[in-house]
>>> print(open('target_4.csv').read())   # CSV, C-alpha atoms
chain,number,residue,atom,x,y,z
A,1,MET,CA,0.0,0.0,0.0
A,2,THR,CA,1.4,3.4,-0.9
A,3,ARG,CA,0.6,7.0,-1.9
A,4,THR,CA,0.4,8.0,-5.6
A,5,PRO,CA,2.9,10.5,-6.9
A,6,GLY,CA,2.4,14.2,-5.8
A,7,SER,CA,3.5,17.5,-7.3
A,8,GLY,CA,7.0,17.3,-5.9
A,9,ALA,CA,6.4,20.3,-3.6
A,10,GLU,CA,4.8,18.3,-0.8
A,11,PRO,CA,6.5,18.0,2.6
A,12,ILE,CA,8.7,15.0,3.3
A,13,HIS,CA,6.0,13.0,5.1
A,14,TYR,CA,3.7,13.2,2.0
A,15,LYS,CA,6.3,12.1,-0.6
A,16,ASN,CA,5.8,8.6,-1.9
A,17,ALA,CA,8.3,5.8,-1.4
A,18,ALA,CA,9.8,5.9,-4.9
A,19,THR,CA,10.4,9.6,-4.6
A,20,LEU,CA,12.0,9.3,-1.2
A,21,ALA,CA,14.3,6.5,-2.3
A,22,ALA,CA,15.5,8.6,-5.2
A,23,LEU,CA,16.1,11.6,-3.0
A,24,ILE,CA,18.1,9.5,-0.5
A,25,ARG,CA,20.1,7.8,-3.2
A,26,SER,CA,21.0,11.2,-4.7
A,27,LYS,CA,21.9,12.6,-1.2
A,28,GLN,CA,19.2,15.3,-1.5
A,29,LEU,CA,17.7,13.9,1.7
A,30,SER,CA,19.2,11.7,4.3
A,31,SER,CA,17.4,8.7,5.6
A,32,ARG,CA,17.5,10.2,9.1
A,33,GLN,CA,15.7,13.3,7.8
A,34,VAL,CA,13.0,11.1,6.3
A,35,VAL,CA,12.5,8.9,9.3
A,36,GLN,CA,12.5,11.9,11.7
A,37,ALA,CA,9.9,13.7,9.5
A,38,HIS,CA,7.6,10.8,9.8
A,39,LEU,CA,8.1,10.5,13.5
A,40,ASP,CA,7.3,14.2,13.9
A,41,ARG,CA,4.1,13.6,11.9
A,42,ILE,CA,3.2,10.6,13.9
A,43,SER,CA,3.4,12.5,17.2
A,44,VAL,CA,0.8,15.0,15.9
A,45,VAL,CA,-1.6,12.8,14.0
A,46,ASN,CA,-1.6,9.3,15.5
A,47,PRO,CA,-3.3,10.3,18.8
A,48,LYS,CA,-6.3,11.3,16.7
A,49,ILE,CA,-6.5,8.3,14.4
A,50,ASN,CA,-5.1,5.5,16.6
A,51,ALA,CA,-3.6,3.6,13.6
A,52,ILE,CA,-0.2,2.5,15.1
A,53,VAL,CA,0.0,-0.3,17.7
A,54,THR,CA,3.8,-0.5,18.0
A,55,LEU,CA,6.2,2.3,17.1
A,56,MET,CA,9.9,1.3,16.4
A,57,ALA,CA,11.3,4.8,16.6
A,58,ASP,CA,14.7,4.1,18.2
A,59,ASP,CA,15.5,1.1,15.9
A,60,ALA,CA,14.3,3.1,12.9
A,61,LEU,CA,16.6,6.0,13.6
A,62,LYS,CA,19.5,3.6,14.0
A,63,GLY,CA,18.6,1.9,10.8
A,64,ALA,CA,18.4,5.3,9.1
A,65,ASP,CA,21.9,6.2,10.3
A,66,ALA,CA,23.2,2.9,8.9
A,67,ALA,CA,21.5,3.6,5.6
A,68,ASP,CA,23.1,7.0,5.4
A,69,ARG,CA,26.5,5.5,6.0
A,70,ALA,CA,25.9,3.1,3.2
A,71,VAL,CA,25.0,5.9,0.8
A,72,ALA,CA,28.2,7.8,1.8
A,73,SER,CA,30.4,4.8,1.3
A,74,GLY,CA,29.1,4.1,-2.2
A,75,ALA,CA,27.6,0.7,-1.3
A,76,GLU,CA,25.1,-1.0,-3.6
A,77,LEU,CA,21.6,0.2,-2.6
A,78,GLY,CA,18.3,-1.5,-2.7
A,79,PRO,CA,15.2,0.0,-4.3
A,80,LEU,CA,13.8,1.1,-1.0
A,81,HIS,CA,17.1,2.0,0.6
A,82,GLY,CA,16.6,4.2,3.7
A,83,VAL,CA,12.8,4.5,3.3
A,84,PRO,CA,10.7,3.7,6.4
A,85,PHE,CA,7.7,1.4,6.0
A,86,SER,CA,4.8,0.2,8.0
A,87,ILE,CA,3.7,-3.4,8.7
A,88,LYS,CA,0.2,-4.8,9.3
A,89,ASP,CA,0.0,-6.4,12.7
A,90,THR,CA,-0.9,-9.8,11.3
A,91,MET,CA,2.7,-9.9,9.9
A,92,ASP,CA,5.3,-11.5,12.1
A,93,THR,CA,8.2,-9.1,12.8
A,94,ALA,CA,11.2,-10.4,14.6
A,95,GLY,CA,11.6,-9.0,18.1
A,96,VAL,CA,8.5,-6.8,17.8
A,97,PRO,CA,5.0,-7.5,19.2
A,98,SER,CA,2.8,-9.0,16.5
A,99,GLN,CA,-0.5,-9.3,18.3
A,100,ARG,CA,-3.1,-9.9,15.6
A,101,GLY,CA,-5.5,-7.5,17.2
A,102,SER,CA,-6.3,-10.1,19.8
A,103,LEU,CA,-6.1,-10.4,23.6
A,104,LEU,CA,-5.1,-14.0,23.0
A,105,PHE,CA,-1.9,-12.8,21.4
A,106,ALA,CA,-1.2,-9.7,23.6
A,107,GLY,CA,2.5,-9.3,23.9
A,108,TYR,CA,3.3,-12.1,21.5
A,109,THR,CA,6.8,-11.4,20.0
A,110,PRO,CA,8.0,-13.7,17.2
A,111,ASP,CA,11.7,-14.4,16.6
A,112,LYS,CA,11.4,-14.5,12.8
A,113,ASP,CA,10.1,-12.1,10.1
A,114,ALA,CA,7.3,-13.0,7.7
A,115,THR,CA,8.5,-13.4,4.1
A,116,SER,CA,7.1,-10.0,3.1
A,117,VAL,CA,8.9,-8.2,5.9
A,118,THR,CA,12.2,-10.0,5.1
A,119,ARG,CA,11.9,-8.8,1.5
A,120,PHE,CA,11.1,-5.2,2.4
A,121,LYS,CA,14.2,-5.2,4.6
A,122,ALA,CA,16.3,-6.8,1.9
A,123,ALA,CA,15.2,-4.0,-0.5
A,124,GLY,CA,16.6,-1.5,2.1
A,125,GLY,CA,13.4,-0.5,3.8
A,126,ILE,CA,13.4,0.4,7.5
A,127,PRO,CA,10.6,-0.9,9.7
A,128,LEU,CA,8.9,2.0,11.5
A,129,MET,CA,5.6,0.7,12.9
A,130,LYS,CA,3.0,-2.0,13.2
A,131,THR,CA,-0.5,-1.0,12.3
A,132,ASN,CA,-3.9,-1.7,13.6
A,133,ILE,CA,-6.4,-4.4,12.4
A,134,PRO,CA,-9.6,-6.1,13.5
A,135,GLU,CA,-9.1,-9.2,15.6
A,136,PHE,CA,-7.3,-11.8,13.4
A,137,ALA,CA,-7.9,-9.5,10.4
A,138,ALA,CA,-11.5,-10.9,10.2
A,139,TRP,CA,-13.6,-7.9,9.7
A,140,THR,CA,-14.1,-4.8,7.4
A,141,GLU,CA,-13.4,-2.2,10.2
A,142,SER,CA,-10.2,-2.0,12.2
A,143,ASP,CA,-11.4,-2.2,15.8
A,144,ASN,CA,-10.5,-4.7,18.5
A,145,ARG,CA,-10.5,-5.0,22.3
A,146,LEU,CA,-6.7,-4.9,22.5
A,147,THR,CA,-5.7,-1.8,20.6
A,148,GLY,CA,-9.0,0.0,19.9
A,149,ARG,CA,-10.5,1.6,16.9
A,150,THR,CA,-8.6,3.2,14.0
A,151,ASN,CA,-10.3,6.4,12.6
A,152,ASN,CA,-10.3,7.6,9.0
A,153,PRO,CA,-7.9,10.5,8.8
A,154,TRP,CA,-10.2,12.4,6.4
A,155,ASN,CA,-13.1,12.2,8.9
A,156,LEU,CA,-12.5,10.9,12.4
A,157,ASP,CA,-16.1,9.9,12.8
A,158,ARG,CA,-15.7,7.5,9.8
A,159,THR,CA,-14.0,4.1,9.6
A,160,ALA,CA,-10.6,3.5,8.0
A,161,GLY,CA,-11.9,0.1,6.8
A,162,GLY,CA,-10.4,-3.3,7.3
A,163,SER,CA,-8.7,-5.4,7.7
A,164,SER,CA,-5.6,-3.3,6.7
A,165,GLY,CA,-7.3,-0.2,8.1
A,166,GLY,CA,-4.3,0.9,10.1
A,167,GLU,CA,-2.2,0.7,7.0
A,168,GLY,CA,-4.6,2.7,5.0
A,169,ALA,CA,-4.9,5.4,7.6
A,170,VAL,CA,-1.1,5.8,8.3
A,171,ILE,CA,-0.3,6.1,4.6
A,172,ALA,CA,-3.1,8.5,3.8
A,173,ALA,CA,-2.2,10.7,6.8
A,174,GLY,CA,1.5,10.9,6.0
A,175,LEU,CA,2.8,8.7,8.8
A,176,SER,CA,4.3,6.1,6.4
A,177,PRO,CA,5.1,6.3,2.7
A,178,ILE,CA,4.6,2.6,2.0
A,179,GLY,CA,3.4,-0.5,3.9
A,180,ILE,CA,2.6,-4.2,3.9
A,181,GLY,CA,-1.0,-5.2,4.1
A,182,SER,CA,-2.8,-8.4,3.2
A,183,ASP,CA,-6.0,-9.2,1.3
A,184,VAL,CA,-8.2,-12.3,1.2
A,185,ALA,CA,-11.6,-10.6,0.5
A,186,ILE,CA,-11.1,-6.9,0.5
A,187,SER,CA,-8.5,-6.2,3.1
A,188,VAL,CA,-6.2,-3.9,1.3
A,189,ARG,CA,-8.5,-2.7,-1.5
A,190,GLY,CA,-11.2,-1.6,0.9
A,191,PRO,CA,-9.0,0.5,3.1
A,192,ALA,CA,-7.2,1.9,0.1
A,193,ALA,CA,-10.6,3.1,-1.3
A,194,PHE,CA,-11.7,4.4,2.1
A,195,ASN,CA,-8.5,6.4,2.7
A,196,GLY,CA,-7.7,7.5,-0.9
A,197,ILE,CA,-4.4,5.6,-1.5
A,198,ALA,CA,-3.2,2.8,-3.8
A,199,ALA,CA,-2.9,-0.9,-3.0
A,200,LEU,CA,-2.1,-4.2,-4.6
A,201,LYS,CA,-3.9,-7.4,-3.6
A,202,ALA,CA,-1.4,-10.1,-2.7
A,203,ILE,CA,-1.6,-13.3,-4.7
A,204,ALA,CA,0.8,-16.2,-5.2
A,205,ARG,CA,2.5,-14.1,-8.0
A,206,PRO,CA,3.9,-11.5,-8.4
A,207,ILE,CA,3.7,-10.8,-4.6
A,208,GLN,CA,4.4,-14.0,-2.7
A,209,ILE,CA,2.3,-14.6,0.3
A,210,LYS,CA,3.6,-16.9,3.0
A,211,LEU,CA,3.2,-17.6,6.7
A,212,THR,CA,2.5,-14.4,8.7
A,213,GLY,CA,1.1,-16.0,11.8
A,214,PRO,CA,1.1,-19.1,14.0
A,215,ARG,CA,0.5,-22.2,11.9
A,216,HIS,CA,-2.5,-23.3,13.9
A,217,LEU,CA,-4.4,-20.2,12.7
A,218,THR,CA,-4.8,-22.0,9.4
A,219,GLY,CA,-7.4,-19.6,7.9
A,220,PHE,CA,-5.2,-16.6,8.3
A,221,ALA,CA,-1.6,-17.9,8.5
A,222,ALA,CA,-1.2,-17.7,4.8
A,223,ILE,CA,-2.4,-14.2,4.3
>>> encode(input="target_4.csv", output="structure tokens")
Amino acid sequence: MTRTPGSGAEPIHYKNAATLAALIRSKQLSSRQVVQAHLDRISVVNPKINAIVTLMADDALKGADAADRAVASGAELGPLHGVPFSIKDTMDTAGVPSQRGSLLFAGYTPDKDATSVTRFKAAGGIPLMKTNIPEFAAWTESDNRLTGRTNNPWNLDRTAGGSSGGEGAVIAAGLSPIGIGSDVAISVRGPAAFNGIAALKAIARPIQIKLTGPRHLTGFAAI
């Protein structure tokens, strides 16, 4: 899920991932500037929309500094080098709570990344946050008893949709330039429509979908 290209004059937090990657690669922006701009935006907006369930601020800033050192050294850079990204909370993220919007998994912290997370990292992306969902991603609004309701950034009285509603909201509101969602019925396409962004439904190809949760949750482990 991502924003469509803007005019070029928008602030850092509203630039899309491809633009940010190009600016970092050309040294017109540092990765730290980009991550910090999104953190600043998060501090203002997320209390209103409640789309972020875990923020990885310190690790993201460390990752940004490492990304800037790689640019300075002339190292080979991936297509998302230095760009922060968001992750739907169904997706296992090593060392980070991945709670599936459920009291049953409160505090659950996996030791291995989901395939999609691994690939974003391999492309140079920097994990910044986990985003809200309905319990087990099983509804069309992002509300649950563990982390509450995500509001639509265009109108706080409206829903951001589901099940990737947290993703839709953070990208639309400028808290993340690109993120990982999942879709069985309408779970990225619905929030994309509700929040005014772009999304691709994951299928076996070209976007591989593979274990993002405990194996015994068979209906949702392959989202």
>>> residues_around(input="target_4.csv", residues="Ala198 (chain A)", least_positions_apart="5", cutoff="7 Å", atoms="all atoms listed in the file", output="count of residues only")
5
>>> atom_distance(input="target_4.csv", atom1="CA of Ala123 (chain A)", atom2="CA of Thr90 (chain A)")
20.8 Å
>>> residues_around(input="target_4.csv", residues="region 95-112 of chain A", least_positions_apart="5", cutoff="10 Å", atoms="all atoms listed in the file", output="number ranges by chain")
A: 53-56, 87-90, 117-118, 129-138, 142-148, 212-214
>>> atom_distance(input="target_4.csv", atom1="CA of Met91 (chain A)", atom2="CA of Ala114 (chain A)")
6.0 Å
>>> closest_residue(input="target_4.csv", among="A:Ala173, A:Thr140, A:Ile52, A:Glu167", to="Ala199 (chain A)", atoms="all atoms listed in the file")
A:Glu167
>>> atom_distance(input="target_4.csv", atom1="CA of Val35 (chain A)", atom2="CA of Gly82 (chain A)")
8.4 Å
>>> closest_residue(input="target_4.csv", among="A:Ile171, A:Ala51, A:Ala57, A:Ile186", to="Pro127 (chain A)", atoms="all atoms listed in the file")
A:Ala57
>>> closest_residue(input="target_4.csv", among="A:Ala21, A:Ala60, A:Ile49, A:Val44", to="Gly166 (chain A)", atoms="only C-alpha atoms")
A:Ile49
>>> closest_residue(input="target_4.csv", among="A:Leu156, A:Val188, A:Val83, A:Val170", to="Lys48 (chain A)", atoms="only C-alpha atoms")
A:Leu156
>>> closest_residue(input="target_4.csv", among="A:His13, A:Ala18, A:Ser176, A:Asn195", to="Arg158 (chain A)", atoms="all atoms listed in the file")
A:Asn195
>>> closest_residue(input="target_4.csv", among="A:Gly174, A:His81, A:Glu141, A:Ala122", to="Ala66 (chain A)", atoms="all atoms listed in the file")
A:His81
>>> residues_around(input="target_4.csv", residues="Glu10 (chain A)", least_positions_apart="6", cutoff="12 Å", atoms="only C-alpha atoms", output="PyMOL selection string")
chain A and resi 16+19-20+174
>>> decode(input="target_4.csv", residues="region 182-205 of chain A", atoms="N, CA and C atoms", output="CSV table (one decimal), in the first residue's frame")
chain,number,residue,atom,x,y,z
A,182,SER,N,-2.4,-7.1,3.7
A,182,SER,CA,-2.8,-8.4,3.2
A,182,SER,C,-4.3,-8.4,2.8
A,183,ASP,N,-4.6,-9.3,1.9
A,183,ASP,CA,-6.0,-9.2,1.3
A,183,ASP,C,-6.5,-10.6,1.0
A,184,VAL,N,-7.5,-11.1,1.6
A,184,VAL,CA,-8.2,-12.3,1.2
A,184,VAL,C,-9.5,-12.0,0.5
A,185,ALA,N,-10.3,-11.1,1.1
A,185,ALA,CA,-11.6,-10.6,0.5
A,185,ALA,C,-11.5,-9.2,0.0
A,186,ILE,N,-11.2,-8.3,0.9
A,186,ILE,CA,-11.1,-6.9,0.5
A,186,ILE,C,-10.2,-6.1,1.3
A,187,SER,N,-9.2,-6.8,2.0
A,187,SER,CA,-8.5,-6.2,3.1
A,187,SER,C,-7.5,-5.1,2.8
A,188,VAL,N,-7.0,-5.1,1.6
A,188,VAL,CA,-6.2,-3.9,1.3
A,188,VAL,C,-6.9,-3.0,0.3
A,189,ARG,N,-7.8,-3.6,-0.5
A,189,ARG,CA,-8.5,-2.7,-1.5
A,189,ARG,C,-9.5,-1.9,-0.8
A,190,GLY,N,-10.2,-2.4,0.2
A,190,GLY,CA,-11.2,-1.6,0.9
A,190,GLY,C,-10.6,-0.4,1.6
A,191,PRO,N,-9.6,-0.6,2.5
A,191,PRO,CA,-9.0,0.5,3.1
A,191,PRO,C,-8.3,1.5,2.2
A,192,ALA,N,-7.8,1.0,1.1
A,192,ALA,CA,-7.2,1.9,0.1
A,192,ALA,C,-8.3,2.9,-0.5
A,193,ALA,N,-9.5,2.3,-0.8
A,193,ALA,CA,-10.6,3.1,-1.3
A,193,ALA,C,-11.1,4.1,-0.2
A,194,PHE,N,-11.2,3.6,1.0
A,194,PHE,CA,-11.7,4.4,2.1
A,194,PHE,C,-10.8,5.6,2.4
A,195,ASN,N,-9.5,5.4,2.3
A,195,ASN,CA,-8.5,6.4,2.7
A,195,ASN,C,-7.8,7.1,1.5
A,196,GLY,N,-8.2,6.8,0.3
A,196,GLY,CA,-7.7,7.5,-0.9
A,196,GLY,C,-6.2,7.2,-1.2
A,197,ILE,N,-5.8,6.0,-1.1
A,197,ILE,CA,-4.4,5.6,-1.5
A,197,ILE,C,-4.5,4.5,-2.5
A,198,ALA,N,-3.3,3.9,-2.9
A,198,ALA,CA,-3.2,2.8,-3.8
A,198,ALA,C,-2.8,1.5,-3.1
A,199,ALA,N,-3.3,0.4,-3.6
A,199,ALA,CA,-2.9,-0.9,-3.0
A,199,ALA,C,-2.9,-2.0,-4.0
A,200,LEU,N,-2.1,-3.0,-3.8
A,200,LEU,CA,-2.1,-4.2,-4.6
A,200,LEU,C,-2.5,-5.4,-3.8
A,201,LYS,N,-3.5,-6.2,-4.3
A,201,LYS,CA,-3.9,-7.4,-3.6
A,201,LYS,C,-2.8,-8.5,-3.7
A,202,ALA,N,-2.4,-9.1,-2.6
A,202,ALA,CA,-1.4,-10.1,-2.7
A,202,ALA,C,-2.0,-11.4,-3.2
A,203,ILE,N,-1.3,-12.0,-4.2
A,203,ILE,CA,-1.6,-13.3,-4.7
A,203,ILE,C,-0.3,-14.1,-4.8
A,204,ALA,N,-0.4,-15.3,-5.2
A,204,ALA,CA,0.8,-16.2,-5.2
A,204,ALA,C,1.9,-15.5,-6.0
A,205,ARG,N,1.6,-14.9,-7.1
A,205,ARG,CA,2.5,-14.1,-8.0
A,205,ARG,C,1.8,-12.9,-8.4
